[in-house]
>>> print(open('entry.txt').read())   # compact mmCIF, C-alpha atoms and all ligand atoms
# COMPACT_ATOMS: atom_id res chain seq x y z
CA MET A 1029 0.00 0.00 0.00
CA ARG A 1030 1.62 3.23 -1.18
CA ASN A 1031 0.87 6.90 -1.61
CA LEU A 1032 -1.46 6.99 1.36
CA ASN A 1033 -2.93 10.42 1.99
CA GLN A 1034 -5.06 12.03 4.67
CA ASP A 1035 -8.19 10.52 3.15
CA THR A 1036 -6.96 6.94 2.82
CA ILE A 1037 -4.57 6.34 5.73
CA THR A 1038 -7.17 5.54 8.40
CA GLN A 1039 -8.69 2.61 6.50
CA ALA A 1040 -5.18 1.39 5.58
CA VAL A 1041 -4.14 1.26 9.24
CA ILE A 1042 -7.37 -0.45 10.28
CA ALA A 1043 -6.92 -3.04 7.53
CA ARG A 1044 -3.46 -3.84 8.97
CA PHE A 1045 -5.23 -5.14 12.13
CA ALA A 1046 -7.59 -7.39 10.16
CA GLY A 1047 -5.71 -10.56 11.08
CA THR A 1048 -5.77 -9.99 14.86
CA PRO A 1049 -6.84 -13.38 16.28
CA ASP A 1050 -8.29 -11.93 19.52
CA ALA A 1051 -11.65 -10.38 18.48
CA ARG A 1052 -11.77 -7.97 21.42
CA LEU A 1053 -8.22 -6.73 20.78
CA LYS A 1054 -9.15 -6.19 17.13
CA GLU A 1055 -12.20 -4.16 18.17
CA LEU A 1056 -10.15 -2.07 20.62
CA MET A 1057 -7.33 -1.34 18.12
CA THR A 1058 -9.73 -0.53 15.27
CA SER A 1059 -11.74 1.88 17.38
CA LEU A 1060 -8.62 3.46 18.90
CA VAL A 1061 -7.19 4.20 15.44
CA GLN A 1062 -10.53 5.59 14.23
CA HIS A 1063 -10.87 7.93 17.21
CA LEU A 1064 -7.21 9.03 17.26
CA HIS A 1065 -7.32 9.89 13.57
CA ALA A 1066 -10.68 11.64 13.95
CA PHE A 1067 -9.22 13.72 16.80
CA ALA A 1068 -6.19 14.72 14.71
CA ARG A 1069 -8.44 15.69 11.80
CA GLU A 1070 -10.93 17.59 13.95
CA VAL A 1071 -8.28 19.80 15.61
CA LYS A 1072 -6.04 19.88 12.48
CA LEU A 1073 -3.13 18.67 14.61
CA THR A 1074 0.15 20.43 13.73
CA GLU A 1075 3.52 18.65 13.77
CA ALA A 1076 4.66 20.82 16.71
CA GLU A 1077 1.54 19.84 18.68
CA TRP A 1078 2.08 16.16 17.84
CA LEU A 1079 5.65 16.42 19.19
CA ALA A 1080 4.48 18.26 22.34
CA GLY A 1081 1.97 15.44 22.94
CA ILE A 1082 4.69 12.80 22.52
CA GLN A 1083 6.96 14.72 24.94
CA PHE A 1084 4.11 15.01 27.47
CA LEU A 1085 3.40 11.26 27.35
CA THR A 1086 7.13 10.50 27.59
CA ALA A 1087 7.43 12.70 30.71
CA THR A 1088 4.32 11.02 32.15
CA GLY A 1089 5.94 7.59 31.77
CA GLN A 1090 9.25 8.84 33.16
CA LYS A 1091 7.49 10.14 36.28
CA CYS A 1092 6.19 6.64 37.10
CA ASP A 1093 7.88 4.36 39.63
CA ASP A 1094 6.73 1.80 42.20
CA LYS A 1095 5.17 4.58 44.33
CA ARG A 1096 3.99 7.02 41.67
CA GLN A 1097 1.62 6.18 38.80
CA GLU A 1098 1.41 9.32 36.69
CA PHE A 1099 -0.58 7.59 33.91
CA ILE A 1100 -3.38 6.72 36.37
CA LEU A 1101 -3.31 10.33 37.55
CA LEU A 1102 -3.65 11.43 33.91
CA SER A 1103 -6.57 9.04 33.37
CA ASP A 1104 -8.17 10.30 36.61
CA THR A 1105 -7.86 13.98 35.72
CA LEU A 1106 -9.21 13.38 32.19
CA GLY A 1107 -12.28 11.65 33.67
CA LEU A 1108 -11.40 8.35 31.98
CA SER A 1109 -11.08 6.47 35.29
CA MET A 1110 -14.48 7.65 36.53
CA LEU A 1111 -16.10 6.94 33.13
CA THR A 1112 -14.77 3.38 33.26
CA VAL A 1113 -15.96 2.95 36.88
CA ALA A 1114 -19.40 4.33 35.99
CA MET A 1115 -19.80 2.05 32.96
CA ASN A 1116 -18.77 -1.09 34.84
CA ASN A 1117 -20.51 -0.64 38.19
CA ASP A 1118 -24.18 -0.34 37.44
CA LYS A 1119 -25.51 -1.64 40.77
CA PRO A 1120 -29.11 -2.43 41.81
CA ALA A 1121 -31.05 0.43 43.41
CA GLY A 1122 -30.11 0.99 47.03
CA CYS A 1123 -26.62 -0.49 46.71
CA THR A 1124 -23.64 1.71 47.55
CA GLU A 1125 -22.16 3.32 44.46
CA ALA A 1126 -18.55 2.85 43.41
CA THR A 1127 -15.99 5.52 42.69
CA VAL A 1128 -12.33 5.79 41.65
CA PHE A 1129 -9.72 3.55 43.29
CA GLY A 1130 -6.94 6.16 43.31
CA PRO A 1131 -3.23 5.38 43.44
CA PHE A 1132 -2.73 5.08 47.22
CA HIS A 1133 -4.17 1.67 48.08
CA VAL A 1134 -1.56 -0.70 49.57
CA GLU A 1135 -1.82 -4.51 49.69
CA GLY A 1136 -1.20 -6.06 53.09
CA ALA A 1137 -2.33 -3.19 55.34
CA PRO A 1138 -2.46 -4.11 59.06
CA HIS A 1139 -5.54 -5.79 60.53
CA TYR A 1140 -7.30 -4.06 63.42
CA GLU A 1141 -9.91 -5.03 66.02
CA HIS A 1142 -13.11 -3.00 66.23
CA GLY A 1143 -12.53 0.26 68.06
CA ALA A 1144 -8.80 0.38 67.26
CA ASP A 1145 -7.07 3.55 66.07
CA VAL A 1146 -6.06 2.99 62.45
CA ALA A 1147 -4.36 6.43 62.37
CA ASN A 1148 -1.38 4.79 64.06
CA GLY A 1149 0.37 8.13 64.58
CA ALA A 1150 -0.89 10.02 61.49
CA VAL A 1151 -1.45 13.73 62.16
CA GLY A 1152 -5.04 14.94 62.34
CA GLU A 1153 -8.02 15.61 64.55
CA ALA A 1154 -9.54 12.59 66.29
CA CYS A 1155 -12.44 10.93 64.56
CA MET A 1156 -14.63 7.83 65.05
CA VAL A 1157 -16.03 6.02 62.00
CA ARG A 1158 -18.83 3.47 62.34
CA GLY A 1159 -21.60 1.76 60.46
CA ARG A 1160 -22.70 -1.58 59.02
CA VAL A 1161 -22.07 -3.68 55.95
CA LEU A 1162 -25.40 -4.91 54.58
CA GLY A 1163 -26.74 -6.85 51.61
CA PRO A 1164 -29.43 -5.50 49.27
CA LYS A 1165 -32.31 -6.85 51.40
CA GLY A 1166 -30.87 -5.20 54.52
CA GLU A 1167 -29.29 -8.42 55.74
CA PRO A 1168 -26.03 -8.01 57.68
CA VAL A 1169 -22.86 -9.26 56.02
CA PRO A 1170 -20.82 -10.65 58.92
CA GLY A 1171 -17.17 -11.26 58.09
CA ALA A 1172 -17.07 -8.68 55.29
CA VAL A 1173 -13.49 -7.50 54.91
CA ILE A 1174 -13.32 -3.70 55.16
CA GLU A 1175 -10.18 -1.93 53.98
CA VAL A 1176 -9.92 1.77 54.73
CA TRP A 1177 -7.26 4.33 53.80
CA GLN A 1178 -7.05 8.10 53.96
CA ALA A 1179 -4.74 11.11 53.80
CA ASP A 1180 -3.53 12.86 56.96
CA ALA A 1181 -4.17 16.48 57.99
CA GLU A 1182 -1.28 17.60 55.75
CA GLY A 1183 -2.89 15.95 52.74
CA LYS A 1184 -0.37 13.09 52.56
CA TYR A 1185 -0.91 9.33 52.45
CA ASP A 1186 1.62 7.29 54.42
CA VAL A 1187 3.15 5.97 51.17
CA GLN A 1188 4.01 9.54 50.19
CA ARG A 1189 6.14 10.01 53.31
CA GLU A 1190 9.80 9.22 52.67
CA GLY A 1191 11.31 7.03 55.36
CA LEU A 1192 8.04 6.09 57.11
CA ASP A 1193 8.34 2.35 57.77
CA HIS A 1194 4.82 1.53 59.00
CA ALA A 1195 1.24 1.95 57.85
CA GLN A 1196 -0.61 5.07 58.98
CA ALA A 1197 -4.27 5.94 58.45
CA ARG A 1198 -4.98 2.65 56.71
CA GLY A 1199 -6.09 -0.74 57.92
CA VAL A 1200 -8.31 -3.78 57.51
CA LEU A 1201 -11.27 -4.71 59.74
CA THR A 1202 -13.75 -7.56 59.68
CA ALA A 1203 -17.46 -6.79 60.04
CA GLY A 1204 -19.07 -8.27 63.18
CA ALA A 1205 -22.05 -10.64 63.49
CA GLY A 1206 -24.51 -7.85 62.70
CA GLY A 1207 -22.35 -6.46 59.87
CA GLU A 1208 -21.18 -3.68 62.17
CA TYR A 1209 -17.76 -1.99 62.17
CA HIS A 1210 -16.18 0.87 64.05
CA PHE A 1211 -12.70 2.31 64.24
CA ARG A 1212 -10.90 5.45 65.28
CA SER A 1213 -8.89 7.52 62.82
CA ILE A 1214 -8.32 11.16 61.92
CA LEU A 1215 -10.61 13.74 60.38
CA ALA A 1216 -10.71 13.52 56.57
CA GLU A 1217 -9.58 16.78 54.98
CA ALA A 1218 -9.39 18.08 51.40
CA TYR A 1219 -5.99 17.62 49.72
CA PRO A 1220 -4.37 18.25 46.33
CA ILE A 1221 -3.48 15.26 44.12
CA PRO A 1222 0.28 15.09 43.40
CA ASP A 1223 0.91 17.99 41.00
CA ASP A 1224 4.71 18.09 40.77
CA GLY A 1225 4.73 16.17 37.47
CA PRO A 1226 3.37 16.48 33.92
CA VAL A 1227 -0.24 16.09 35.10
CA GLY A 1228 0.27 19.08 37.43
CA ASP A 1229 1.70 21.02 34.45
CA MET A 1230 -1.43 20.15 32.47
CA LEU A 1231 -3.69 21.30 35.33
CA ARG A 1232 -1.83 24.62 35.65
CA ALA A 1233 -1.79 25.24 31.87
CA THR A 1234 -5.56 24.75 31.78
CA ARG A 1235 -6.20 26.73 34.99
CA ARG A 1236 -7.59 23.68 36.79
CA HIS A 1237 -7.03 23.11 40.51
CA PRO A 1238 -5.65 19.80 41.87
CA TRP A 1239 -7.90 19.47 44.93
CA ARG A 1240 -10.01 16.52 46.02
CA PRO A 1241 -12.79 16.98 48.59
CA ALA A 1242 -12.19 15.31 51.96
CA HIS A 1243 -12.91 11.57 51.85
CA LEU A 1244 -12.20 8.12 53.23
CA HIS A 1245 -11.41 5.29 50.81
CA PHE A 1246 -13.06 1.90 51.32
CA MET A 1247 -12.72 -1.46 49.62
CA ILE A 1248 -15.19 -4.05 50.92
CA THR A 1249 -15.24 -7.71 49.94
CA ALA A 1250 -17.45 -10.59 51.05
CA PRO A 1251 -18.28 -13.99 49.49
CA GLY A 1252 -21.50 -13.88 47.47
CA TYR A 1253 -21.29 -10.11 46.91
CA GLU A 1254 -19.60 -7.85 44.36
CA SER A 1255 -16.48 -6.16 45.67
CA LEU A 1256 -17.08 -2.49 46.37
CA ILE A 1257 -14.45 0.20 45.83
CA THR A 1258 -15.73 3.54 47.00
CA HIS A 1259 -15.27 6.67 49.12
CA VAL A 1260 -17.25 8.42 51.82
CA PHE A 1261 -17.05 12.18 51.20
CA ARG A 1262 -17.36 14.87 53.85
CA ASP A 1263 -20.42 17.07 53.53
CA LYS A 1264 -19.97 20.81 52.88
CA ASP A 1265 -16.44 20.43 51.51
CA THR A 1266 -15.45 23.30 49.19
CA TYR A 1267 -14.43 20.88 46.42
CA LEU A 1268 -17.46 18.55 46.28
CA ASP A 1269 -18.51 20.10 42.95
CA SER A 1270 -15.04 20.41 41.43
CA ASP A 1271 -13.20 17.21 42.44
CA ALA A 1272 -10.00 17.06 40.37
CA VAL A 1273 -10.81 13.44 39.44
CA PHE A 1274 -14.62 13.68 39.05
CA GLY A 1275 -15.35 11.01 41.71
CA VAL A 1276 -18.10 12.59 43.85
CA ARG A 1277 -21.55 10.98 44.04
CA GLN A 1278 -24.29 12.49 46.16
CA SER A 1279 -25.10 9.12 47.79
CA LEU A 1280 -21.53 8.89 49.13
CA ILE A 1281 -21.62 12.16 51.10
CA ALA A 1282 -21.90 11.95 54.90
CA ASP A 1283 -21.77 14.38 57.80
CA TRP A 1284 -18.72 14.40 60.08
CA VAL A 1285 -20.40 15.53 63.32
CA ARG A 1286 -18.36 17.37 65.92
CA GLN A 1287 -18.76 15.80 69.37
CA PRO A 1288 -18.79 17.59 72.76
CA ASP A 1289 -15.16 16.53 73.37
CA GLY A 1290 -14.05 18.13 70.07
CA SER A 1291 -13.58 14.86 68.19
CA TYR A 1292 -15.67 13.92 65.12
CA LEU A 1293 -18.08 11.07 64.38
CA VAL A 1294 -19.09 9.85 60.92
CA GLU A 1295 -21.58 7.03 60.38
CA TYR A 1296 -22.03 5.22 57.07
CA ASP A 1297 -23.73 1.95 56.12
CA PHE A 1298 -22.49 0.15 53.00
CA VAL A 1299 -24.89 -1.92 50.92
CA LEU A 1300 -23.20 -4.57 48.77
CA ALA A 1301 -24.64 -5.78 45.48
CA PRO A 1302 -25.10 -9.54 45.06
CA ALA A 1303 -22.42 -11.26 42.98
CA LYS A 1304 -23.41 -11.69 39.32
C1 LIG B 1 -7.09 9.60 45.92
O1 LIG B 1 -8.20 9.89 46.31
O2 LIG B 1 -6.33 9.07 46.72
C2 LIG B 1 -6.68 9.94 44.54
C3 LIG B 1 -7.51 9.62 43.49
C4 LIG B 1 -7.12 9.95 42.21
C5 LIG B 1 -5.92 10.58 41.99
C6 LIG B 1 -5.09 10.90 43.06
C7 LIG B 1 -5.49 10.59 44.34
FE FE B 2 -7.80 9.89 48.41
>>> encode(input="entry.txt", output="structure tokens")
Amino acid sequence: MRNLNQDTITQAVIARFAGTPDARLKELMTSLVQHLHAFAREVKLTEAEWLAGIQFLTATGQKCDDKRQEFILLSDTLGLSMLTVAMNNDKPAGCTEATVFGPFHVEGAPHYEHGADVANGAVGEACMVRGRVLGPKGEPVPGAVIEVWQADAEGKYDVQREGLDHAQARGVLTAGAGGEYHFRSILAEAYPIPDDGPVGDMLRATRRHPWRPAHLHFMITAPGYESLITHVFRDKDTYLDSDAVFGVRQSLIADWVRQPDGSYLVEYDFVLAPAK
């Protein structure tokens, strides 16, 4: 195939994937080429802009290491992560909605008994978190495994702290006989996503802010139910309507209530969807 021009190249590239044995891979590659070419045509992409895009993606890859995943951050800030979550987590009415996973989950977090302080030295105002894990008919889900993780009062997750050798503000609990859980931690506060890399450059160039509204992350698993990856967001946060990664859902917002002793209490029941 020779002398391809702007009118014939797209079909020529698609034809080159015709022999892909995996039907899904063929569908993905065909559609990707169609949409990439359509984008370039629509904006009349210049060669300088093409090179700037390549340099941006190169810098994004170079920023990644075992603690930093700049490509996920890029996907998050472009809304692609939340779009994928929304398309793949259509749960029955009444079940707790899912939201973005984020880059700060850690496998193997410490297990805690009910009532324990998962902050484990993280800075922040004292807070109690409690609720139940239920099934769609309101039945308790005893033994559900509840993983929680959050940023500290300075907006940092433990994994972002150089030299810290133990988990802070993250842990795993097991729901009790009535599906109940409770633990102590620190007050969730708004924080900026890491913006010292190419994604931060993109946010600044487009006059976007990097802030996420205050939240706790949860991942809840139990046999017979779909795994749930979600957040609980703090009501009245300044950034609820402009989350840098588009993850807020109204049903996930709860009130952190100040107690007479100055600490906070948040209560949230999770409703798991039955396994498909
Ligand atoms: C987070 O909530 O931990 C998070 C989510 C997306 C990007 C960065 C951070
Ligand atoms: Fe977070």
>>> residues_around(input="entry.txt", residues="A:Gly1199", least_positions_apart="6", cutoff="12 Å", atoms="all atoms listed in the file", output="compact mmCIF listing (two decimals) with C-alpha atoms, keeping the file's coordinate frame")
# COMPACT_ATOMS: atom_id res chain seq x y z
CA HIS A 1133 -4.17 1.67 48.08
CA VAL A 1134 -1.56 -0.70 49.57
CA GLU A 1135 -1.82 -4.51 49.69
CA GLY A 1136 -1.20 -6.06 53.09
CA ALA A 1137 -2.33 -3.19 55.34
CA PRO A 1138 -2.46 -4.11 59.06
CA HIS A 1139 -5.54 -5.79 60.53
CA TYR A 1140 -7.30 -4.06 63.42
CA GLU A 1141 -9.91 -5.03 66.02
CA HIS A 1142 -13.11 -3.00 66.23
CA ALA A 1144 -8.80 0.38 67.26
CA ASP A 1145 -7.07 3.55 66.07
CA VAL A 1146 -6.06 2.99 62.45
CA ALA A 1147 -4.36 6.43 62.37
CA ASN A 1148 -1.38 4.79 64.06
CA VAL A 1173 -13.49 -7.50 54.91
CA ILE A 1174 -13.32 -3.70 55.16
CA GLU A 1175 -10.18 -1.93 53.98
CA VAL A 1176 -9.92 1.77 54.73
CA TRP A 1177 -7.26 4.33 53.80
CA GLN A 1178 -7.05 8.10 53.96
CA ASP A 1186 1.62 7.29 54.42
CA HIS A 1210 -16.18 0.87 64.05
CA PHE A 1211 -12.70 2.31 64.24
CA ARG A 1212 -10.90 5.45 65.28
CA SER A 1213 -8.89 7.52 62.82
CA LEU A 1244 -12.20 8.12 53.23
CA HIS A 1245 -11.41 5.29 50.81
CA PHE A 1246 -13.06 1.90 51.32
CA MET A 1247 -12.72 -1.46 49.62
CA ILE A 1248 -15.19 -4.05 50.92
>>> residues_near_point(input="entry.txt", point="(-8.6, 4.1, 35.4)", cutoff="6 Å", atoms="all atoms listed in the file", output="CSV table (one decimal) with C-alpha atoms, keeping the file's coordinate frame")
chain,number,residue,atom,x,y,z
A,1100,ILE,CA,-3.4,6.7,36.4
A,1103,SER,CA,-6.6,9.0,33.4
A,1109,SER,CA,-11.1,6.5,35.3
>>> closest_atom_pairs(input="entry.txt", of="chain A", to="ligand LIG 1 (chain B)", cutoff="10 Å", atoms="only C-alpha atoms and all ligand atoms", output="JSON lines")
{"residue": "A:Arg1096", "atom": "CA", "partner": "B:LIG1", "partner_atom": "C6", "distance": 10.0}
{"residue": "A:Gln1097", "atom": "CA", "partner": "B:LIG1", "partner_atom": "C6", "distance": 9.2}
{"residue": "A:Glu1098", "atom": "CA", "partner": "B:LIG1", "partner_atom": "C5", "distance": 9.1}
{"residue": "A:Ile1100", "atom": "CA", "partner": "B:LIG1", "partner_atom": "C5", "distance": 7.3}
{"residue": "A:Leu1101", "atom": "CA", "partner": "B:LIG1", "partner_atom": "C5", "distance": 5.2}
{"residue": "A:Leu1102", "atom": "CA", "partner": "B:LIG1", "partner_atom": "C5", "distance": 8.4}
{"residue": "A:Ser1103", "atom": "CA", "partner": "B:LIG1", "partner_atom": "C5", "distance": 8.8}
{"residue": "A:Asp1104", "atom": "CA", "partner": "B:LIG1", "partner_atom": "C4", "distance": 5.7}
{"residue": "A:Thr1105", "atom": "CA", "partner": "B:LIG1", "partner_atom": "C5", "distance": 7.4}
{"residue": "A:Ser1109", "atom": "CA", "partner": "B:LIG1", "partner_atom": "C4", "distance": 8.7}
{"residue": "A:Met1110", "atom": "CA", "partner": "B:LIG1", "partner_atom": "C4", "distance": 9.6}
{"residue": "A:Thr1127", "atom": "CA", "partner": "B:LIG1", "partner_atom": "C3", "distance": 9.5}
{"residue": "A:Val1128", "atom": "CA", "partner": "B:LIG1", "partner_atom": "C3", "distance": 6.4}
{"residue": "A:Phe1129", "atom": "CA", "partner": "B:LIG1", "partner_atom": "C3", "distance": 6.5}
{"residue": "A:Gly1130", "atom": "CA", "partner": "B:LIG1", "partner_atom": "C3", "distance": 3.5}
{"residue": "A:Pro1131", "atom": "CA", "partner": "B:LIG1", "partner_atom": "C7", "distance": 5.7}
{"residue": "A:Phe1132", "atom": "CA", "partner": "B:LIG1", "partner_atom": "O2", "distance": 5.4}
{"residue": "A:His1133", "atom": "CA", "partner": "B:LIG1", "partner_atom": "O2", "distance": 7.8}
{"residue": "A:Trp1177", "atom": "CA", "partner": "B:LIG1", "partner_atom": "O2", "distance": 8.6}
{"residue": "A:Gln1178", "atom": "CA", "partner": "B:LIG1", "partner_atom": "O2", "distance": 7.3}
{"residue": "A:Ala1179", "atom": "CA", "partner": "B:LIG1", "partner_atom": "O2", "distance": 7.5}
{"residue": "A:Gly1183", "atom": "CA", "partner": "B:LIG1", "partner_atom": "O2", "distance": 9.8}
{"residue": "A:Lys1184", "atom": "CA", "partner": "B:LIG1", "partner_atom": "O2", "distance": 9.3}
{"residue": "A:Tyr1185", "atom": "CA", "partner": "B:LIG1", "partner_atom": "O2", "distance": 7.9}
{"residue": "A:Ala1218", "atom": "CA", "partner": "B:LIG1", "partner_atom": "O1", "distance": 9.7}
{"residue": "A:Tyr1219", "atom": "CA", "partner": "B:LIG1", "partner_atom": "O1", "distance": 8.7}
{"residue": "A:Pro1220", "atom": "CA", "partner": "B:LIG1", "partner_atom": "C7", "distance": 8.0}
{"residue": "A:Ile1221", "atom": "CA", "partner": "B:LIG1", "partner_atom": "C6", "distance": 4.8}
{"residue": "A:Pro1222", "atom": "CA", "partner": "B:LIG1", "partner_atom": "C6", "distance": 6.8}
{"residue": "A:Asp1223", "atom": "CA", "partner": "B:LIG1", "partner_atom": "C6", "distance": 9.5}
{"residue": "A:Pro1238", "atom": "CA", "partner": "B:LIG1", "partner_atom": "C6", "distance": 9.0}
{"residue": "A:Trp1239", "atom": "CA", "partner": "B:LIG1", "partner_atom": "C6", "distance": 9.2}
{"residue": "A:Arg1240", "atom": "CA", "partner": "B:LIG1", "partner_atom": "O1", "distance": 6.9}
{"residue": "A:Pro1241", "atom": "CA", "partner": "B:LIG1", "partner_atom": "O1", "distance": 8.7}
{"residue": "A:Ala1242", "atom": "CA", "partner": "B:LIG1", "partner_atom": "O1", "distance": 8.8}
{"residue": "A:His1243", "atom": "CA", "partner": "B:LIG1", "partner_atom": "O1", "distance": 7.5}
{"residue": "A:Leu1244", "atom": "CA", "partner": "B:LIG1", "partner_atom": "O1", "distance": 8.2}
{"residue": "A:His1245", "atom": "CA", "partner": "B:LIG1", "partner_atom": "O1", "distance": 7.2}
{"residue": "A:Thr1258", "atom": "CA", "partner": "B:LIG1", "partner_atom": "O1", "distance": 9.9}
{"residue": "A:His1259", "atom": "CA", "partner": "B:LIG1", "partner_atom": "O1", "distance": 8.3}
{"residue": "A:Asp1271", "atom": "CA", "partner": "B:LIG1", "partner_atom": "C4", "distance": 9.5}
{"residue": "A:Ala1272", "atom": "CA", "partner": "B:LIG1", "partner_atom": "C5", "distance": 7.8}
{"residue": "A:Val1273", "atom": "CA", "partner": "B:LIG1", "partner_atom": "C4", "distance": 5.8}
{"residue": "A:Phe1274", "atom": "CA", "partner": "B:LIG1", "partner_atom": "C4", "distance": 9.0}
{"residue": "A:Gly1275", "atom": "CA", "partner": "B:LIG1", "partner_atom": "C3", "distance": 8.2}
>>> closest_residue(input="entry.txt", among="A:Tyr1267, A:Phe1084, A:Trp1284, A:Trp1078", to="A:Met1230", atoms="all atoms listed in the file")
A:Phe1084
>>> closest_residue(input="entry.txt", among="A:Ala1282, A:Gln1039, A:Val1299, A:Pro1226", to="A:Thr1086", atoms="only C-alpha atoms")
A:Pro1226
>>> closest_residue(input="entry.txt", among="A:Glu1075, A:Glu1217, A:Glu1153, A:Asp1050", to="ligand FE 2 (chain B)", atoms="all atoms listed in the file")
A:Glu1217
>>> residues_around(input="entry.txt", residues="stretch 1287-1290 of chain A", least_positions_apart="3", cutoff="12 Å", atoms="all atoms listed in the file", output="PDB file with C-alpha atoms, keeping the file's coordinate frame")
ATOM      1  CA  GLU A1153      -8.020  15.610  64.550  1.00  0.00           C
ATOM      2  CA  ALA A1154      -9.540  12.590  66.290  1.00  0.00           C
ATOM      3  CA  CYS A1155     -12.440  10.930  64.560  1.00  0.00           C
ATOM      4  CA  MET A1156     -14.630   7.830  65.050  1.00  0.00           C
ATOM      5  CA  LEU A1215     -10.610  13.740  60.380  1.00  0.00           C
ATOM      6  CA  TRP A1284     -18.720  14.400  60.080  1.00  0.00           C
ATOM      7  CA  LEU A1293     -18.080  11.070  64.380  1.00  0.00           C
ATOM      8  CA  VAL A1294     -19.090   9.850  60.920  1.00  0.00           C
TER       9      VAL A1294
END
>>> closest_residue(input="entry.txt", among="A:Cys1092, A:Val1276, A:Met1029, A:Leu1300", to="ligand FE 2 (chain B)", atoms="only C-alpha atoms and all ligand atoms")
A:Val1276
>>> decode(input="entry.txt", residues="stretch 1041-1076 of chain A", atoms="C-alpha atoms", output="short mmCIF file (atom, residue, chain, number, x, y, z; two decimals), in the first residue's frame")
data_model
loop_
_atom_site.label_atom_id
_atom_site.label_comp_id
_atom_site.auth_asym_id
_atom_site.auth_seq_id
_atom_site.Cartn_x
_atom_site.Cartn_y
_atom_site.Cartn_z
CA VAL A 1041 -4.14 1.26 9.24
CA ILE A 1042 -7.37 -0.45 10.28
CA ALA A 1043 -6.92 -3.04 7.53
CA ARG A 1044 -3.46 -3.84 8.97
CA PHE A 1045 -5.23 -5.14 12.13
CA ALA A 1046 -7.59 -7.39 10.16
CA GLY A 1047 -5.71 -10.56 11.08
CA THR A 1048 -5.77 -9.99 14.86
CA PRO A 1049 -6.84 -13.38 16.28
CA ASP A 1050 -8.29 -11.93 19.52
CA ALA A 1051 -11.65 -10.38 18.48
CA ARG A 1052 -11.77 -7.97 21.42
CA LEU A 1053 -8.22 -6.73 20.78
CA LYS A 1054 -9.15 -6.19 17.13
CA GLU A 1055 -12.20 -4.16 18.17
CA LEU A 1056 -10.15 -2.07 20.62
CA MET A 1057 -7.33 -1.34 18.12
CA THR A 1058 -9.73 -0.53 15.27
CA SER A 1059 -11.74 1.88 17.38
CA LEU A 1060 -8.62 3.46 18.90
CA VAL A 1061 -7.19 4.20 15.44
CA GLN A 1062 -10.53 5.59 14.23
CA HIS A 1063 -10.87 7.93 17.21
CA LEU A 1064 -7.21 9.03 17.26
CA HIS A 1065 -7.32 9.89 13.57
CA ALA A 1066 -10.68 11.64 13.95
CA PHE A 1067 -9.22 13.72 16.80
CA ALA A 1068 -6.19 14.72 14.71
CA ARG A 1069 -8.44 15.69 11.80
CA GLU A 1070 -10.93 17.59 13.95
CA VAL A 1071 -8.28 19.80 15.61
CA LYS A 1072 -6.04 19.88 12.48
CA LEU A 1073 -3.13 18.67 14.61
CA THR A 1074 0.15 20.43 13.73
CA GLU A 1075 3.52 18.65 13.77
CA ALA A 1076 4.66 20.82 16.71
#
